[in-house]
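Source file data-v5.txt; content: compact mmCIF, N, CA and C atoms.
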```
# COMPACT_ATOMS: atom_id res chain seq x y z
N MET A 3 63.94 -7.29 -99.87
CA MET A 3 64.01 -8.42 -100.77
C MET A 3 65.00 -9.46 -100.23
N ILE A 4 64.60 -10.70 -100.21
CA ILE A 4 65.45 -11.79 -99.73
C ILE A 4 66.48 -12.12 -100.81
N LYS A 5 67.76 -12.13 -100.42
CA LYS A 5 68.82 -12.40 -101.37
C LYS A 5 69.38 -13.81 -101.23
N ASN A 6 69.45 -14.30 -100.00
CA ASN A 6 70.11 -15.57 -99.79
C ASN A 6 69.75 -16.15 -98.42
N VAL A 7 69.90 -17.46 -98.32
CA VAL A 7 69.75 -18.13 -97.03
C VAL A 7 71.13 -18.61 -96.63
N SER A 8 71.60 -18.15 -95.49
CA SER A 8 72.89 -18.61 -94.96
C SER A 8 72.64 -19.71 -93.95
N ASN A 9 73.66 -20.52 -93.74
CA ASN A 9 73.48 -21.59 -92.76
C ASN A 9 74.75 -21.83 -91.97
N PHE A 10 74.55 -22.50 -90.85
CA PHE A 10 75.64 -22.83 -89.94
C PHE A 10 75.74 -24.35 -89.77
N VAL A 11 75.31 -25.08 -90.79
CA VAL A 11 75.30 -26.55 -90.71
C VAL A 11 76.72 -27.07 -90.52
N GLN A 12 77.66 -26.55 -91.29
CA GLN A 12 79.04 -27.03 -91.17
C GLN A 12 79.60 -26.77 -89.78
N ARG A 13 79.29 -25.62 -89.21
CA ARG A 13 79.76 -25.28 -87.86
C ARG A 13 79.20 -26.27 -86.83
N PHE A 14 77.88 -26.54 -86.92
CA PHE A 14 77.27 -27.49 -85.99
C PHE A 14 77.83 -28.89 -86.20
N ARG A 15 78.03 -29.27 -87.45
CA ARG A 15 78.55 -30.61 -87.76
C ARG A 15 79.97 -30.77 -87.19
N SER A 16 80.79 -29.75 -87.37
CA SER A 16 82.15 -29.81 -86.84
C SER A 16 82.16 -29.86 -85.31
N LYS A 17 81.28 -29.05 -84.71
CA LYS A 17 81.18 -29.03 -83.24
C LYS A 17 80.80 -30.40 -82.69
N HIS A 18 79.92 -31.11 -83.42
CA HIS A 18 79.46 -32.42 -82.97
C HIS A 18 80.35 -33.56 -83.50
N LYS A 19 81.39 -33.18 -84.25
CA LYS A 19 82.37 -34.14 -84.76
C LYS A 19 81.75 -35.28 -85.55
N ILE A 20 80.89 -34.90 -86.51
CA ILE A 20 80.32 -35.92 -87.40
C ILE A 20 80.65 -35.53 -88.84
N THR A 21 80.71 -36.52 -89.69
CA THR A 21 81.03 -36.28 -91.10
C THR A 21 79.78 -35.89 -91.88
N GLN A 22 80.01 -35.41 -93.08
CA GLN A 22 78.88 -35.10 -93.97
C GLN A 22 78.08 -36.36 -94.26
N GLU A 23 78.78 -37.47 -94.43
CA GLU A 23 78.13 -38.75 -94.68
C GLU A 23 77.23 -39.14 -93.51
N GLU A 24 77.73 -39.00 -92.28
CA GLU A 24 76.95 -39.36 -91.10
C GLU A 24 75.72 -38.47 -90.95
N LEU A 25 75.87 -37.18 -91.22
CA LEU A 25 74.71 -36.29 -91.14
C LEU A 25 73.69 -36.64 -92.22
N GLY A 26 74.18 -36.94 -93.40
CA GLY A 26 73.28 -37.36 -94.48
C GLY A 26 72.50 -38.61 -94.12
N GLN A 27 73.18 -39.60 -93.58
CA GLN A 27 72.51 -40.84 -93.18
C GLN A 27 71.49 -40.58 -92.08
N ALA A 28 71.84 -39.72 -91.14
CA ALA A 28 70.94 -39.42 -90.02
C ALA A 28 69.69 -38.67 -90.46
N THR A 29 69.79 -37.93 -91.57
CA THR A 29 68.66 -37.12 -92.02
C THR A 29 68.02 -37.64 -93.31
N GLY A 30 68.55 -38.75 -93.83
CA GLY A 30 67.93 -39.39 -94.99
C GLY A 30 68.27 -38.76 -96.33
N VAL A 31 69.43 -38.10 -96.41
CA VAL A 31 69.86 -37.51 -97.69
C VAL A 31 71.28 -37.96 -97.98
N THR A 32 71.77 -37.62 -99.15
CA THR A 32 73.12 -38.01 -99.52
C THR A 32 74.14 -37.03 -98.97
N ARG A 33 75.38 -37.47 -98.97
CA ARG A 33 76.49 -36.60 -98.58
C ARG A 33 76.56 -35.40 -99.51
N GLN A 34 76.26 -35.60 -100.79
CA GLN A 34 76.28 -34.51 -101.77
C GLN A 34 75.26 -33.43 -101.41
N THR A 35 74.11 -33.83 -100.87
CA THR A 35 73.11 -32.85 -100.46
C THR A 35 73.63 -32.02 -99.29
N ILE A 36 74.29 -32.67 -98.34
CA ILE A 36 74.86 -31.94 -97.20
C ILE A 36 75.93 -30.97 -97.68
N ILE A 37 76.76 -31.41 -98.61
CA ILE A 37 77.79 -30.53 -99.18
C ILE A 37 77.14 -29.30 -99.81
N ALA A 38 76.10 -29.53 -100.62
CA ALA A 38 75.41 -28.42 -101.30
C ALA A 38 74.78 -27.45 -100.31
N ILE A 39 74.20 -27.97 -99.24
CA ILE A 39 73.61 -27.11 -98.19
C ILE A 39 74.71 -26.27 -97.54
N GLU A 40 75.80 -26.92 -97.15
CA GLU A 40 76.88 -26.20 -96.47
C GLU A 40 77.50 -25.12 -97.35
N LYS A 41 77.59 -25.37 -98.65
CA LYS A 41 78.15 -24.39 -99.58
C LYS A 41 77.16 -23.29 -99.94
N GLY A 42 75.90 -23.47 -99.57
CA GLY A 42 74.88 -22.48 -99.91
C GLY A 42 74.33 -22.64 -101.31
N ASN A 43 74.59 -23.78 -101.93
CA ASN A 43 74.09 -24.05 -103.28
C ASN A 43 72.71 -24.69 -103.29
N TYR A 44 72.23 -25.07 -102.13
CA TYR A 44 70.94 -25.74 -102.02
C TYR A 44 70.27 -25.31 -100.72
N THR A 45 69.05 -24.86 -100.83
CA THR A 45 68.26 -24.52 -99.65
C THR A 45 67.34 -25.70 -99.36
N PRO A 46 67.49 -26.31 -98.19
CA PRO A 46 66.68 -27.49 -97.89
C PRO A 46 65.21 -27.15 -97.70
N SER A 47 64.39 -28.16 -97.89
CA SER A 47 62.97 -28.02 -97.61
C SER A 47 62.79 -27.78 -96.11
N VAL A 48 61.63 -27.32 -95.74
CA VAL A 48 61.33 -27.13 -94.32
C VAL A 48 61.48 -28.45 -93.58
N PHE A 49 61.00 -29.51 -94.18
CA PHE A 49 61.08 -30.84 -93.56
C PHE A 49 62.53 -31.23 -93.28
N LEU A 50 63.41 -31.05 -94.28
CA LEU A 50 64.82 -31.40 -94.10
C LEU A 50 65.49 -30.47 -93.10
N ALA A 51 65.18 -29.19 -93.15
CA ALA A 51 65.75 -28.24 -92.19
C ALA A 51 65.36 -28.64 -90.75
N LEU A 52 64.12 -29.05 -90.57
CA LEU A 52 63.67 -29.50 -89.25
C LEU A 52 64.40 -30.77 -88.81
N LYS A 53 64.62 -31.69 -89.74
CA LYS A 53 65.34 -32.92 -89.42
C LYS A 53 66.78 -32.63 -89.00
N ILE A 54 67.43 -31.71 -89.72
CA ILE A 54 68.80 -31.34 -89.37
C ILE A 54 68.83 -30.68 -87.99
N ALA A 55 67.91 -29.76 -87.76
CA ALA A 55 67.84 -29.08 -86.46
C ALA A 55 67.60 -30.08 -85.34
N LYS A 56 66.70 -31.01 -85.56
CA LYS A 56 66.41 -32.02 -84.54
C LYS A 56 67.64 -32.87 -84.26
N HIS A 57 68.38 -33.21 -85.30
CA HIS A 57 69.59 -34.01 -85.11
C HIS A 57 70.58 -33.30 -84.19
N PHE A 58 70.69 -31.98 -84.33
CA PHE A 58 71.62 -31.21 -83.51
C PHE A 58 70.98 -30.67 -82.24
N ASN A 59 69.73 -31.04 -81.99
CA ASN A 59 69.00 -30.60 -80.81
C ASN A 59 69.01 -29.07 -80.70
N THR A 60 68.66 -28.42 -81.81
CA THR A 60 68.62 -26.96 -81.86
C THR A 60 67.41 -26.54 -82.68
N THR A 61 67.30 -25.25 -82.95
CA THR A 61 66.18 -24.75 -83.74
C THR A 61 66.63 -24.46 -85.16
N VAL A 62 65.69 -24.43 -86.07
CA VAL A 62 65.97 -24.09 -87.46
C VAL A 62 66.56 -22.69 -87.54
N GLU A 63 66.06 -21.78 -86.70
CA GLU A 63 66.54 -20.40 -86.71
C GLU A 63 68.01 -20.27 -86.33
N LYS A 64 68.51 -21.23 -85.55
CA LYS A 64 69.93 -21.19 -85.19
C LYS A 64 70.81 -21.79 -86.29
N LEU A 65 70.22 -22.56 -87.19
CA LEU A 65 70.96 -23.17 -88.29
C LEU A 65 70.91 -22.36 -89.58
N PHE A 66 69.77 -21.71 -89.81
CA PHE A 66 69.56 -20.99 -91.08
C PHE A 66 69.12 -19.56 -90.82
N THR A 67 69.68 -18.63 -91.60
CA THR A 67 69.28 -17.23 -91.51
C THR A 67 69.03 -16.68 -92.91
N ILE A 68 68.18 -15.69 -92.98
CA ILE A 68 67.86 -15.03 -94.25
C ILE A 68 68.65 -13.76 -94.35
N GLU A 69 69.37 -13.62 -95.45
CA GLU A 69 70.10 -12.37 -95.71
C GLU A 69 69.25 -11.51 -96.62
N GLU A 70 69.08 -10.26 -96.24
CA GLU A 70 68.27 -9.35 -97.05
C GLU A 70 69.13 -8.29 -97.71
```
Spell out the structure here as structure tokens.
Amino acid sequence: MIKNVSNFVQRFRSKHKITQEELGQATGVTRQTIIAIEKGNYTPSVFLALKIAKHFNTTVEKLFTIEE
């Protein structure tokens, strides 16, 4: 049974030295959405997950994992 989706968005964002606001602007969402994703309070759509991965030039699988 799937319990949660974990993510490494904050780690990638810090590594690339960009703010939550900048990532939001780059992916077409608000800073509040990025905050919610990083805290694990919001699971992004596949489309948004792909946009975030593309921004960091990585795969969705490296950004998001399923905890069982």
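As for atom N of Thr21 (chain A) and atom N of Arg33 (chain A), they are spaced 10.7 Å apart.
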Applying 8 Å and all atoms listed in the file, which residues near region 22-28 of chain A remain after dropping the ones on its own chain fewer than 6 positions away? List them as a ChimeraX atom specification.
/A:15,34-37,53-54,57
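The spacing separating atom N of Val48 (chain A) from CA of Val62 (chain A) amounts to 9.9 Å.
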When DSSP works through the backbone of this structure, what residues of chain A end up as helix (DSSP H, G or I), shown as a PyMOL selection string?
chain A and resi 11-17+22-29+33-41+48-57+62-65
Within 6.5 Å of (72.6, -24.9, -91.8) (file coordinates; all atoms listed in the file), which protein or nucleic acid residues are there? I'd like them as number ranges by chain.
A: 8-12, 39-40, 65-66
Determine which residues of chain A DSSP labels as strand (DSSP E) from the backbone of this structure, then write them out as a list in words.
Asn6, Val7, Ser8, Asn9, Phe66, Thr67, Ile68 and Glu69 of chain A
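Atom pair CA of Thr29 (chain A) / CA of Glu70 (chain A) has a distance of 28.2 Å (rounded to one decimal).
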